file entry-v9.cif (mmCIF, C-alpha atoms and all ligand atoms)
data_my_file
#
loop_
_atom_site.group_PDB
_atom_site.id
_atom_site.type_symbol
_atom_site.label_atom_id
_atom_site.label_comp_id
_atom_site.auth_asym_id
_atom_site.auth_seq_id
_atom_site.Cartn_x
_atom_site.Cartn_y
_atom_site.Cartn_z
ATOM 1 C CA MET A 54 5.963 -8.071 -17.034
ATOM 2 C CA ASP A 55 2.709 -9.860 -17.896
ATOM 3 C CA GLN A 56 1.723 -8.858 -21.434
ATOM 4 C CA THR A 57 -1.696 -10.522 -21.516
ATOM 5 C CA PRO A 58 -4.747 -8.399 -20.762
ATOM 6 C CA TYR A 59 -6.462 -9.848 -17.701
ATOM 7 C CA ARG A 60 -9.757 -9.988 -19.557
ATOM 8 C CA ASP A 61 -11.924 -8.059 -21.979
ATOM 9 C CA LEU A 62 -14.322 -5.555 -20.453
ATOM 10 C CA THR A 63 -17.910 -6.774 -20.296
ATOM 11 C CA THR A 64 -20.710 -4.954 -22.116
ATOM 12 C CA ASN A 65 -22.035 -3.859 -18.697
ATOM 13 C CA GLU A 66 -18.675 -2.366 -17.727
ATOM 14 C CA ILE A 67 -18.492 -0.447 -20.997
ATOM 15 C CA GLU A 68 -22.028 0.874 -20.418
ATOM 16 C CA ASP A 69 -21.241 1.771 -16.785
ATOM 17 C CA PHE A 70 -18.146 3.656 -17.914
ATOM 18 C CA ALA A 71 -20.178 5.617 -20.475
ATOM 19 C CA ARG A 72 -22.916 6.465 -17.928
ATOM 20 C CA ASP A 73 -20.952 7.023 -14.698
ATOM 21 C CA GLY A 74 -17.564 7.986 -16.156
ATOM 22 C CA VAL A 75 -15.770 5.527 -13.870
ATOM 23 C CA ILE A 76 -15.516 1.777 -13.234
ATOM 24 C CA CYS A 77 -13.550 -0.395 -10.832
ATOM 25 C CA LEU A 78 -11.614 -3.296 -12.385
ATOM 26 C CA ARG A 79 -10.749 -6.021 -9.888
ATOM 27 C CA GLY A 80 -7.482 -7.946 -10.151
ATOM 28 C CA ILE A 81 -6.349 -6.445 -13.432
ATOM 29 C CA TYR A 82 -2.654 -6.375 -12.425
ATOM 30 C CA SER A 83 -0.665 -9.375 -11.190
ATOM 31 C CA THR A 84 1.109 -9.442 -7.828
ATOM 32 C CA GLU A 85 4.412 -9.561 -9.720
ATOM 33 C CA CYS A 86 3.506 -6.400 -11.622
ATOM 34 C CA ILE A 87 2.482 -4.524 -8.440
ATOM 35 C CA ASN A 88 5.631 -5.638 -6.603
ATOM 36 C CA LEU A 89 7.815 -4.389 -9.458
ATOM 37 C CA LEU A 90 5.998 -1.062 -9.573
ATOM 38 C CA ALA A 91 6.074 -0.608 -5.797
ATOM 39 C CA LYS A 92 9.868 -0.884 -5.778
ATOM 40 C CA GLU A 93 10.136 1.755 -8.499
ATOM 41 C CA LEU A 94 7.699 4.123 -6.792
ATOM 42 C CA ASP A 95 9.833 3.954 -3.653
ATOM 43 C CA ALA A 96 13.003 4.602 -5.659
ATOM 44 C CA ILE A 97 11.400 7.560 -7.472
ATOM 45 C CA ARG A 98 10.263 8.989 -4.164
ATOM 46 C CA GLU A 99 13.833 8.761 -2.924
ATOM 47 C CA ARG A 100 15.359 10.400 -6.018
ATOM 48 C CA GLY A 101 12.707 13.119 -6.332
ATOM 49 C CA VAL A 102 10.705 14.196 -9.377
ATOM 50 C CA LEU A 103 12.394 12.967 -12.573
ATOM 51 C CA GLY A 104 15.626 12.495 -10.656
ATOM 52 C CA THR A 105 15.861 16.204 -9.746
ATOM 53 C CA GLY A 106 15.973 15.664 -5.991
ATOM 54 C CA ILE A 107 12.750 17.687 -5.653
ATOM 55 C CA LYS A 108 10.773 15.670 -3.141
ATOM 56 C CA VAL A 109 7.042 16.083 -3.388
ATOM 57 C CA ASP A 110 4.216 13.623 -3.120
ATOM 58 C CA GLY A 111 4.241 12.796 -6.794
ATOM 59 C CA SER A 112 6.000 12.781 -10.111
ATOM 60 C CA TYR A 113 5.053 12.371 -13.746
ATOM 61 C CA TYR A 114 6.342 11.278 -17.177
ATOM 62 C CA GLU A 115 8.598 8.867 -15.274
ATOM 63 C CA TRP A 116 8.106 6.322 -18.071
ATOM 64 C CA MET A 117 10.540 8.312 -20.227
ATOM 65 C CA GLN A 118 13.385 7.343 -17.902
ATOM 66 C CA ASN A 119 12.202 4.381 -15.866
ATOM 67 C CA ASP A 120 12.193 1.049 -17.715
ATOM 68 C CA VAL A 121 9.763 -0.741 -15.371
ATOM 69 C CA ILE A 122 7.172 2.002 -15.871
ATOM 70 C CA ARG A 123 7.939 2.025 -19.611
ATOM 71 C CA ASP A 124 7.228 -1.709 -19.834
ATOM 72 C CA PHE A 125 4.129 -1.404 -17.654
ATOM 73 C CA VAL A 126 2.780 1.214 -20.069
ATOM 74 C CA LEU A 127 3.865 -0.161 -23.432
ATOM 75 C CA PHE A 128 3.595 -3.908 -22.806
ATOM 76 C CA GLY A 129 1.391 -4.278 -19.705
ATOM 77 C CA PRO A 130 -2.296 -5.208 -19.538
ATOM 78 C CA THR A 131 -3.697 -1.655 -19.408
ATOM 79 C CA ALA A 132 -4.089 -0.487 -22.994
ATOM 80 C CA LYS A 133 -6.704 -2.971 -24.187
ATOM 81 C CA PRO A 134 -9.386 -2.400 -21.509
ATOM 82 C CA VAL A 135 -8.846 1.360 -21.754
ATOM 83 C CA ALA A 136 -9.372 1.224 -25.546
ATOM 84 C CA GLN A 137 -12.516 -0.871 -25.041
ATOM 85 C CA ALA A 138 -13.964 1.602 -22.554
ATOM 86 C CA LEU A 139 -13.145 4.555 -24.819
ATOM 87 C CA LYS A 140 -14.422 2.676 -27.897
ATOM 88 C CA THR A 141 -11.344 3.684 -29.813
ATOM 89 C CA GLY A 142 -9.276 1.822 -32.395
ATOM 90 C CA ARG A 143 -6.167 3.866 -31.838
ATOM 91 C CA LEU A 144 -4.845 4.446 -28.348
ATOM 92 C CA ASN A 145 -1.918 6.721 -27.516
ATOM 93 C CA PHE A 146 -0.125 6.926 -24.227
ATOM 94 C CA PHE A 147 -0.282 10.394 -22.709
ATOM 95 C CA TYR A 148 1.689 10.195 -19.438
ATOM 96 C CA ASP A 149 2.047 8.520 -16.067
ATOM 97 C CA GLN A 150 1.639 10.260 -12.722
ATOM 98 C CA ILE A 151 2.534 9.096 -9.227
ATOM 99 C CA PHE A 152 0.567 10.106 -6.128
ATOM 100 C CA ILE A 153 1.936 9.317 -2.669
ATOM 101 C CA LYS A 154 -0.261 9.993 0.365
ATOM 102 C CA GLU A 155 1.705 9.643 3.574
ATOM 103 C CA LYS A 156 0.129 7.574 6.349
ATOM 104 C CA LEU A 157 -1.711 9.347 9.167
ATOM 105 C CA GLY A 158 -1.900 12.794 7.643
ATOM 106 C CA GLY A 159 -1.032 12.782 3.955
ATOM 107 C CA THR A 160 -3.072 15.564 2.381
ATOM 108 C CA GLY A 161 -5.905 14.713 0.005
ATOM 109 C CA THR A 162 -6.360 15.694 -3.624
ATOM 110 C CA PRO A 163 -8.940 18.473 -4.172
ATOM 111 C CA TRP A 164 -11.986 17.828 -6.336
ATOM 112 C CA HIS A 165 -11.072 18.466 -9.953
ATOM 113 C CA HIS A 166 -11.399 17.042 -13.401
ATOM 114 C CA ASP A 167 -8.299 16.308 -15.405
ATOM 115 C CA HIS A 168 -9.218 17.671 -18.810
ATOM 116 C CA THR A 169 -8.588 21.334 -17.938
ATOM 117 C CA PHE A 170 -5.014 20.543 -16.848
ATOM 118 C CA TRP A 171 -4.109 19.104 -20.223
ATOM 119 C CA PRO A 172 -3.169 20.424 -23.677
ATOM 120 C CA LEU A 173 -5.796 18.235 -25.326
ATOM 121 C CA ALA A 174 -9.099 18.556 -27.164
ATOM 122 C CA GLY A 175 -11.440 15.600 -27.574
ATOM 123 C CA SER A 176 -13.561 13.260 -25.498
ATOM 124 C CA GLN A 177 -11.793 9.886 -25.656
ATOM 125 C CA ILE A 178 -9.428 10.467 -22.753
ATOM 126 C CA ALA A 179 -9.139 8.270 -19.667
ATOM 127 C CA SER A 180 -6.855 7.417 -16.774
ATOM 128 C CA ILE A 181 -6.389 4.163 -14.920
ATOM 129 C CA TRP A 182 -5.275 4.386 -11.284
ATOM 130 C CA THR A 183 -3.860 1.625 -9.138
ATOM 131 C CA ALA A 184 -2.300 1.516 -5.672
ATOM 132 C CA MET A 185 0.487 -0.595 -4.284
ATOM 133 C CA GLU A 186 -1.318 -1.422 -1.051
ATOM 134 C CA PRO A 187 -4.906 -2.019 0.078
ATOM 135 C CA VAL A 188 -6.836 1.244 -0.066
ATOM 136 C CA THR A 189 -9.510 1.802 2.568
ATOM 137 C CA ALA A 190 -12.070 4.608 2.692
ATOM 138 C CA ASP A 191 -9.982 6.413 5.342
ATOM 139 C CA GLY A 192 -6.771 5.660 3.391
ATOM 140 C CA SER A 193 -7.283 8.347 0.732
ATOM 141 C CA ALA A 194 -9.509 6.249 -1.534
ATOM 142 C CA LEU A 195 -10.436 8.092 -4.729
ATOM 143 C CA GLU A 196 -13.967 9.496 -4.912
ATOM 144 C CA PHE A 197 -15.894 10.356 -8.089
ATOM 145 C CA VAL A 198 -19.036 12.351 -8.845
ATOM 146 C CA ALA A 199 -20.844 9.842 -11.038
ATOM 147 C CA GLY A 200 -22.006 11.280 -14.353
ATOM 148 C CA SER A 201 -20.175 14.620 -13.934
ATOM 149 C CA HIS A 202 -18.241 13.938 -17.154
ATOM 150 C CA LEU A 203 -21.555 14.547 -18.966
ATOM 151 C CA TRP A 204 -22.320 17.938 -17.399
ATOM 152 C CA GLY A 205 -20.759 19.761 -20.366
ATOM 153 C CA LYS A 206 -18.774 22.051 -18.038
ATOM 154 C CA LYS A 207 -15.079 22.807 -17.834
ATOM 155 C CA PHE A 208 -13.856 23.620 -14.360
ATOM 156 C CA GLU A 209 -10.778 25.474 -13.177
ATOM 157 C CA ALA A 210 -7.710 23.272 -12.720
ATOM 158 C CA VAL A 211 -7.133 22.878 -8.988
ATOM 159 C CA GLY A 212 -4.612 20.215 -8.085
ATOM 160 C CA VAL A 213 -2.482 19.130 -5.150
ATOM 161 C CA GLY A 214 -0.237 22.173 -5.761
ATOM 162 C CA GLY A 215 -3.189 24.619 -5.802
ATOM 163 C CA ARG A 216 -4.947 26.402 -8.649
ATOM 164 C CA VAL A 217 -3.168 26.216 -11.993
ATOM 165 C CA PRO A 218 -3.642 29.389 -14.071
ATOM 166 C CA SER A 219 -5.013 28.812 -17.542
ATOM 167 C CA ASN A 220 -6.017 30.971 -20.487
ATOM 168 C CA GLU A 221 -9.001 28.702 -21.099
ATOM 169 C CA GLN A 222 -12.575 29.703 -20.304
ATOM 170 C CA VAL A 223 -13.321 27.698 -17.130
ATOM 171 C CA GLU A 224 -15.915 27.778 -14.339
ATOM 172 C CA ALA A 225 -15.387 27.744 -10.573
ATOM 173 C CA LEU A 226 -15.712 24.280 -9.028
ATOM 174 C CA PRO A 227 -18.903 23.493 -7.125
ATOM 175 C CA ASP A 228 -18.444 22.933 -3.367
ATOM 176 C CA ILE A 229 -18.933 19.192 -3.428
ATOM 177 C CA ASP A 230 -17.823 18.497 0.144
ATOM 178 C CA ALA A 231 -20.351 20.978 1.561
ATOM 179 C CA ASN A 232 -23.144 19.335 -0.443
ATOM 180 C CA ARG A 233 -22.160 15.687 -0.615
ATOM 181 C CA ASP A 234 -25.766 14.492 -0.298
ATOM 182 C CA GLN A 235 -26.632 16.265 -3.565
ATOM 183 C CA TYR A 236 -24.178 14.212 -5.601
ATOM 184 C CA HIS A 237 -23.905 10.550 -6.447
ATOM 185 C CA ILE A 238 -20.404 9.871 -5.109
ATOM 186 C CA LEU A 239 -18.737 6.601 -6.079
ATOM 187 C CA SER A 240 -15.708 5.172 -4.287
ATOM 188 C CA TRP A 241 -14.180 1.731 -3.898
ATOM 189 C CA GLU A 242 -11.925 0.075 -1.363
ATOM 190 C CA LEU A 243 -9.193 -1.724 -3.272
ATOM 191 C CA GLU A 244 -6.755 -4.587 -2.994
ATOM 192 C CA PRO A 245 -3.379 -4.464 -4.760
ATOM 193 C CA GLY A 246 -4.001 -5.388 -8.402
ATOM 194 C CA ASP A 247 -7.382 -3.628 -8.550
ATOM 195 C CA ALA A 248 -7.652 -0.456 -10.618
ATOM 196 C CA ILE A 249 -10.046 2.398 -11.304
ATOM 197 C CA LEU A 250 -10.644 3.549 -14.852
ATOM 198 C CA PHE A 251 -12.105 7.030 -15.267
ATOM 199 C CA ASN A 252 -12.984 9.626 -17.858
ATOM 200 C CA ALA A 253 -10.890 12.828 -18.015
ATOM 201 C CA MET A 254 -14.038 14.967 -17.510
ATOM 202 C CA ILE A 255 -15.257 13.291 -14.305
ATOM 203 C CA LEU A 256 -14.896 15.237 -11.050
ATOM 204 C CA HIS A 257 -12.771 13.292 -8.609
ATOM 205 C CA GLY A 258 -10.500 13.707 -5.618
ATOM 206 C CA SER A 259 -9.350 11.990 -2.452
ATOM 207 C CA ARG A 260 -9.542 12.861 1.227
ATOM 208 C CA ALA A 261 -6.550 13.104 3.555
ATOM 209 C CA ASN A 262 -4.990 9.785 4.483
ATOM 210 C CA SER A 263 -5.898 9.012 8.086
ATOM 211 C CA ALA A 264 -5.035 5.306 7.780
ATOM 212 C CA PRO A 265 -1.801 3.877 9.221
ATOM 213 C CA LEU A 266 -0.545 2.969 5.734
ATOM 214 C CA THR A 267 1.136 5.220 3.182
ATOM 215 C CA ARG A 268 -0.792 5.048 -0.104
ATOM 216 C CA ARG A 269 1.423 4.814 -3.183
ATOM 217 C CA ALA A 270 -0.481 5.052 -6.468
ATOM 218 C CA ILE A 271 0.270 5.389 -10.139
ATOM 219 C CA THR A 272 -2.096 6.650 -12.829
ATOM 220 C CA THR A 273 -1.529 6.140 -16.520
ATOM 221 C CA ARG A 274 -3.318 8.438 -18.938
ATOM 222 C CA TRP A 275 -4.499 7.542 -22.415
ATOM 223 C CA THR A 276 -6.068 9.153 -25.477
ATOM 224 C CA GLY A 277 -8.199 7.820 -28.341
ATOM 225 C CA ASP A 278 -9.173 8.549 -31.941
ATOM 226 C CA ASP A 279 -10.860 11.923 -31.457
ATOM 227 C CA VAL A 280 -8.115 13.557 -29.391
ATOM 228 C CA ARG A 281 -6.018 16.400 -30.768
ATOM 229 C CA TYR A 282 -3.142 18.394 -29.317
ATOM 230 C CA LYS A 283 -4.301 21.801 -28.067
ATOM 231 C CA PRO A 284 -1.590 23.985 -26.559
ATOM 232 C CA ILE A 285 -2.837 25.917 -23.533
ATOM 233 C CA GLU A 286 -0.896 28.310 -21.351
ATOM 234 C CA GLY A 287 0.581 27.355 -18.049
ATOM 235 C CA VAL A 288 -1.162 24.094 -17.380
ATOM 236 C CA VAL A 289 0.838 20.934 -17.962
ATOM 237 C CA ARG A 290 4.616 21.020 -17.723
ATOM 238 C CA GLU A 291 5.954 19.140 -20.710
ATOM 239 C CA LEU A 292 9.665 18.719 -20.047
ATOM 240 C CA TRP A 293 10.413 17.070 -23.388
ATOM 241 C CA SER A 294 10.212 18.971 -26.659
ATOM 242 C CA HIS A 295 8.045 17.637 -29.469
ATOM 243 C CA ASP A 296 6.747 18.741 -32.853
ATOM 244 C CA LEU A 297 3.014 18.701 -32.113
ATOM 245 C CA LYS A 298 0.973 21.730 -33.126
ATOM 246 C CA GLY A 299 -2.620 22.587 -32.286
ATOM 247 C CA GLY A 300 -4.980 20.186 -34.086
ATOM 248 C CA ASP A 301 -2.448 17.367 -34.517
ATOM 249 C CA PRO A 302 -3.349 13.851 -33.369
ATOM 250 C CA LEU A 303 -1.007 12.763 -30.581
ATOM 251 C CA SER A 304 2.085 11.018 -31.937
ATOM 252 C CA GLY A 305 5.844 10.878 -31.635
ATOM 253 C CA SER A 306 8.196 9.656 -28.949
ATOM 254 C CA LEU A 307 6.520 11.594 -26.095
ATOM 255 C CA TYR A 308 2.944 10.511 -26.873
ATOM 256 C CA PRO A 309 3.304 7.236 -28.766
ATOM 257 C CA GLN A 310 0.623 5.019 -30.219
ATOM 258 C CA VAL A 311 0.217 1.802 -28.218
ATOM 259 C CA LEU A 312 -2.808 0.281 -30.002
ATOM 260 C CA PRO A 313 -3.376 -1.147 -32.512
ATOM 261 C CA CYS A 314 0.417 -1.557 -32.318
ATOM 262 C CA LEU A 315 3.572 0.187 -31.206
ATOM 263 C CA LEU A 316 5.490 1.983 -33.952
ATOM 264 C CA ASP A 317 9.246 1.640 -34.090
ATOM 265 C CA THR A 318 9.520 5.227 -35.353
ATOM 266 C CA GLU A 319 7.922 6.406 -32.085
ATOM 267 C CA VAL A 320 9.167 4.014 -29.390
ATOM 268 C CA GLY A 321 12.442 2.790 -30.945
ATOM 269 C CA GLU A 322 14.529 5.438 -29.234
ATOM 270 C CA ARG A 323 12.893 4.881 -25.836
ATOM 271 C CA LEU A 324 13.319 1.099 -26.147
ATOM 272 C CA SER A 325 17.033 1.612 -26.588
ATOM 273 C CA GLY A 326 17.409 3.726 -23.448
ATOM 274 C CA PRO A 327 16.056 6.439 -21.148
ATOM 275 C CA ILE A 328 15.307 9.821 -22.733
ATOM 276 C CA PRO A 329 16.236 12.646 -20.338
ATOM 277 C CA PRO A 330 14.132 15.832 -20.201
ATOM 278 C CA ASP A 331 15.131 18.834 -22.282
ATOM 279 C CA PRO A 332 17.683 20.619 -19.988
ATOM 280 C CA GLU A 333 16.253 24.073 -20.593
ATOM 281 C CA ARG A 334 12.683 22.987 -19.828
ATOM 282 C CA LEU A 335 13.905 21.084 -16.782
ATOM 283 C CA ASN A 336 15.776 24.113 -15.441
ATOM 284 C CA THR A 337 12.693 26.279 -15.904
ATOM 285 C CA PHE A 338 10.648 23.672 -14.026
ATOM 286 C CA ILE A 339 13.166 23.521 -11.151
ATOM 287 C CA ALA A 340 13.341 27.327 -10.925
ATOM 288 C CA SER A 341 9.553 27.705 -10.906
ATOM 289 C CA TYR A 342 9.274 24.987 -8.300
ATOM 290 C CA GLU A 343 11.905 26.643 -6.091
ATOM 291 C CA SER A 344 10.251 30.056 -6.364
ATOM 292 C CA ARG A 345 6.904 28.500 -5.403
ATOM 293 C CA ILE A 346 8.501 26.961 -2.300
ATOM 294 C CA ALA A 347 10.169 30.292 -1.423
ATOM 295 C CA ALA A 348 6.860 32.160 -1.859
ATOM 296 C CA ALA A 349 5.040 29.623 0.314
ATOM 297 C CA ALA A 350 7.686 29.975 3.065
ATOM 298 C CA LYS A 351 7.200 33.799 3.318
HETATM 299 O O1 LIG B 401 -4.255 9.792 -6.050
HETATM 300 C C1 LIG B 401 -4.888 10.814 -5.888
HETATM 301 O O2 LIG B 401 -5.199 11.240 -4.768
HETATM 302 C C2 LIG B 401 -5.368 11.632 -7.067
HETATM 303 C C3 LIG B 401 -5.370 10.919 -8.365
HETATM 304 C C4 LIG B 401 -5.858 11.747 -9.479
HETATM 305 O O3 LIG B 401 -6.407 12.820 -9.316
HETATM 306 C C5 LIG B 401 -5.687 11.256 -10.851
HETATM 307 O O4 LIG B 401 -5.101 10.192 -11.041
HETATM 308 O O5 LIG B 401 -6.131 11.959 -11.796
#
call {"tool": "encode", "arguments": {"input": "entry-v9.cif", "output": "structure tokens"}}
result
Amino acid sequence: MDQTPYRDLTTNEIEDFARDGVICLRGIYSTECINLLAKELDAIRERGVLGTGIKVDGSYYEWMQNDVIRDFVLFGPTAKPVAQALKTGRLNFFYDQIFIKEKLGGTGTPWHHDHTFWPLAGSQIASIWTAMEPVTADGSALEFVAGSHLWGKKFEAVGVGGRVPSNEQVEALPDIDANRDQYHILSWELEPGDAILFNAMILHGSRANSAPLTRRAITTRWTGDDVRYKPIEGVVRELWSHDLKGGDPLSGSLYPQVLPCLLDTEVGERLSGPIPPDPERLNTFIASYESRIAAAAK
């Protein structure tokens, strides 16, 4: 996989990211890179989340077991522009997440911001999202409320699976769709290789896919110097155990440093082979997933 960053961010892009909370980067990934990823996304879809057979429209932390996604994250061209936008010297990888929106009817992603889903404190947190096919406005293109990362509010975590309970103090989400003219909404149509880089506090979502093309996307999530681990109840499902306690900088084999350089102590084990999830945590995840399906079927 191409190891060279496509280019440095311009001063304008860094300023736009700070002001709007989101920028579009054209042609950041090569065709070869997208083709490799597309094959893996299809295979993951077939095998189900983390190889469990659970088939939903997404998966996450696949990099721990999938070598193409591992190389994309650790050696691909993403880390440097993300670090430039976040103005951070140290950049850790947080996790990858896959979002598939089936053609002609795939459901959208509700408006949300990412921060309240995650066991993190700090402001230097961003995701970079790219799709395997052209994304049109009616093809579930991402939408962002420009500047909402600066509102100083933390909203409830509402994702594709519904509202995620949290013991954090959070506010109800504003009804953005009912008042679209009151917000500055940014969205881009994309070609394969283009990507969108956005702050973890920006409100974003996507509408249902009414285009005749299934939209397969992958987001990688990154943290900078000021970020600390902050355990919160019930929000993100970490299926690998780690030693992080509240207040620790991210580190270790689950959340390794990528810039200024990889550390053998953190990535050595992963470079020598896939690391399966902790069986107990995985079983709890499968059971909770199955009970959610059963409850929804009643
Ligand atoms: O692909 C989507 O529809 C949602 C993506 C998203 O919310 C994210 O990457 O944080």
call {"tool": "residues_around", "arguments": {"input": "entry-v9.cif", "residues": "region 72-83 of chain A", "least_positions_apart": "6", "cutoff": "9 Å", "atoms": "only C-alpha atoms", "output": "ChimeraX atom specification"}}
result
/A:54-55,58-60,62,66,129-131,183,197-203,239-241,243-255
call {"tool": "write_last_selection", "arguments": {"input": "entry-v9.cif", "atoms": "C-alpha atoms", "output": "PDB file, keeping the file's coordinate frame"}}
result
ATOM      1  CA  MET A  54       5.963  -8.071 -17.034  1.00  0.00           C
ATOM      2  CA  ASP A  55       2.709  -9.860 -17.896  1.00  0.00           C
ATOM      3  CA  PRO A  58      -4.747  -8.399 -20.762  1.00  0.00           C
ATOM      4  CA  TYR A  59      -6.462  -9.848 -17.701  1.00  0.00           C
ATOM      5  CA  ARG A  60      -9.757  -9.988 -19.557  1.00  0.00           C
ATOM      6  CA  LEU A  62     -14.322  -5.555 -20.453  1.00  0.00           C
ATOM      7  CA  GLU A  66     -18.675  -2.366 -17.727  1.00  0.00           C
ATOM      8  CA  GLY A 129       1.391  -4.278 -19.705  1.00  0.00           C
ATOM      9  CA  PRO A 130      -2.296  -5.208 -19.538  1.00  0.00           C
ATOM     10  CA  THR A 131      -3.697  -1.655 -19.408  1.00  0.00           C
ATOM     11  CA  THR A 183      -3.860   1.625  -9.138  1.00  0.00           C
ATOM     12  CA  PHE A 197     -15.894  10.356  -8.089  1.00  0.00           C
ATOM     13  CA  VAL A 198     -19.036  12.351  -8.845  1.00  0.00           C
ATOM     14  CA  ALA A 199     -20.844   9.842 -11.038  1.00  0.00           C
ATOM     15  CA  GLY A 200     -22.006  11.280 -14.353  1.00  0.00           C
ATOM     16  CA  SER A 201     -20.175  14.620 -13.934  1.00  0.00           C
ATOM     17  CA  HIS A 202     -18.241  13.938 -17.154  1.00  0.00           C
ATOM     18  CA  LEU A 203     -21.555  14.547 -18.966  1.00  0.00           C
ATOM     19  CA  LEU A 239     -18.737   6.601  -6.079  1.00  0.00           C
ATOM     20  CA  SER A 240     -15.708   5.172  -4.287  1.00  0.00           C
ATOM     21  CA  TRP A 241     -14.180   1.731  -3.898  1.00  0.00           C
ATOM     22  CA  LEU A 243      -9.193  -1.724  -3.272  1.00  0.00           C
ATOM     23  CA  GLU A 244      -6.755  -4.587  -2.994  1.00  0.00           C
ATOM     24  CA  PRO A 245      -3.379  -4.464  -4.760  1.00  0.00           C
ATOM     25  CA  GLY A 246      -4.001  -5.388  -8.402  1.00  0.00           C
ATOM     26  CA  ASP A 247      -7.382  -3.628  -8.550  1.00  0.00           C
ATOM     27  CA  ALA A 248      -7.652  -0.456 -10.618  1.00  0.00           C
ATOM     28  CA  ILE A 249     -10.046   2.398 -11.304  1.00  0.00           C
ATOM     29  CA  LEU A 250     -10.644   3.549 -14.852  1.00  0.00           C
ATOM     30  CA  PHE A 251     -12.105   7.030 -15.267  1.00  0.00           C
ATOM     31  CA  ASN A 252     -12.984   9.626 -17.858  1.00  0.00           C
ATOM     32  CA  ALA A 253     -10.890  12.828 -18.015  1.00  0.00           C
ATOM     33  CA  MET A 254     -14.038  14.967 -17.510  1.00  0.00           C
ATOM     34  CA  ILE A 255     -15.257  13.291 -14.305  1.00  0.00           C
TER      35      ILE A 255
END
call {"tool": "residues_near_ligand", "arguments": {"input": "entry-v9.cif", "ligand": "ligand LIG 401 (chain B)", "cutoff": "6 Å", "atoms": "all atoms listed in the file", "output": "list in words"}}
result
Phe152, Gly161, Thr162, Trp182, Gly258, Ser259 and Thr272 of chain A
call {"tool": "resolve_selection", "arguments": {"input": "entry-v9.cif", "expression": "the PyMOL selection byres (((chain A and resi 140) around 10) and not hetatm)", "output": "list in words"}}
result
Ile67, Ala71, Pro134, Val135, Ala136, Gln137, Ala138, Leu139, Thr141, Gly142, Arg143, Leu144, Gln177, Gly277 and Asp278 of chain A
call {"tool": "closest_atom_pairs", "arguments": {"input": "entry-v9.cif", "of": "region 148-221 of chain A", "to": "region 298-308 of chain A", "cutoff": "12 Å", "atoms": "all atoms listed in the file", "output": "JSON lines"}}
result
{"residue": "A:Tyr148", "atom": "CA", "partner": "A:Tyr308", "partner_atom": "CA", "distance": 7.5}
{"residue": "A:Asp149", "atom": "CA", "partner": "A:Tyr308", "partner_atom": "CA", "distance": 11.0}
{"residue": "A:Pro172", "atom": "CA", "partner": "A:Gly299", "partner_atom": "CA", "distance": 8.9}
{"residue": "A:Leu173", "atom": "CA", "partner": "A:Gly299", "partner_atom": "CA", "distance": 8.8}
{"residue": "A:Ala174", "atom": "CA", "partner": "A:Gly300", "partner_atom": "CA", "distance": 8.2}
{"residue": "A:Gly175", "atom": "CA", "partner": "A:Pro302", "partner_atom": "CA", "distance": 10.1}
{"residue": "A:Ile178", "atom": "CA", "partner": "A:Leu303", "partner_atom": "CA", "distance": 11.7}
call {"tool": "write_last_selection", "arguments": {"input": "entry-v9.cif", "atoms": "C-alpha atoms", "output": "mmCIF file, in the frame of the given file"}}
result
data_model
loop_
_atom_site.group_PDB
_atom_site.id
_atom_site.type_symbol
_atom_site.label_atom_id
_atom_site.label_comp_id
_atom_site.auth_asym_id
_atom_site.auth_seq_id
_atom_site.Cartn_x
_atom_site.Cartn_y
_atom_site.Cartn_z
ATOM 1 C CA TYR A 148 1.689 10.195 -19.438
ATOM 2 C CA ASP A 149 2.047 8.520 -16.067
ATOM 3 C CA PRO A 172 -3.169 20.424 -23.677
ATOM 4 C CA LEU A 173 -5.796 18.235 -25.326
ATOM 5 C CA ALA A 174 -9.099 18.556 -27.164
ATOM 6 C CA GLY A 175 -11.440 15.600 -27.574
ATOM 7 C CA ILE A 178 -9.428 10.467 -22.753
#
call {"tool": "closest_residue", "arguments": {"input": "entry-v9.cif", "among": "A:Asn119, A:Asn88, A:Asn220, A:Asn65", "to": "Val102 (chain A)", "atoms": "all atoms listed in the file"}}
result
A:Asn119
call {"tool": "resolve_selection", "arguments": {"input": "entry-v9.cif", "expression": "the PyMOL selection byres (((chain A and resi 330) around 12) and not hetatm)", "output": "ChimeraX atom specification"}}
result
/A:102-105,113-118,290-295,307,327-329,331-339
call {"tool": "closest_residue", "arguments": {"input": "entry-v9.cif", "among": "A:Trp164, A:Phe208, A:Trp275, A:Phe125", "to": "Asp228 (chain A)", "atoms": "all atoms listed in the file"}}
result
A:Trp164
call {"tool": "residues_near_point", "arguments": {"input": "entry-v9.cif", "point": "(-2.6, 24.8, -9.2)", "cutoff": "12 Å", "atoms": "only C-alpha atoms", "output": "JSON, numbers by chain"}}
result
{"A": [162, 163, 165, 167, 169, 170, 209, 210, 211, 212, 213, 214, 215, 216, 217, 218, 219, 287, 288, 289, 290, 342, 345]}
call {"tool": "residues_around", "arguments": {"input": "entry-v9.cif", "residues": "Gly159 (chain A)", "least_positions_apart": "4", "cutoff": "6 Å", "atoms": "only C-alpha atoms", "output": "list in words"}}
result
Lys154, Glu155, Ala261 and Asn262 of chain A
call {"tool": "axis_aligned_box", "arguments": {"input": "entry-v9.cif", "around": "region 195-204 of chain A", "padding_each_side": "6 Å", "output": "AutoDock Vina command-line options"}}
result
--center_x -16.4 --center_y 13.0 --center_z -11.8 --size_x 23.9 --size_y 21.8 --size_z 26.2
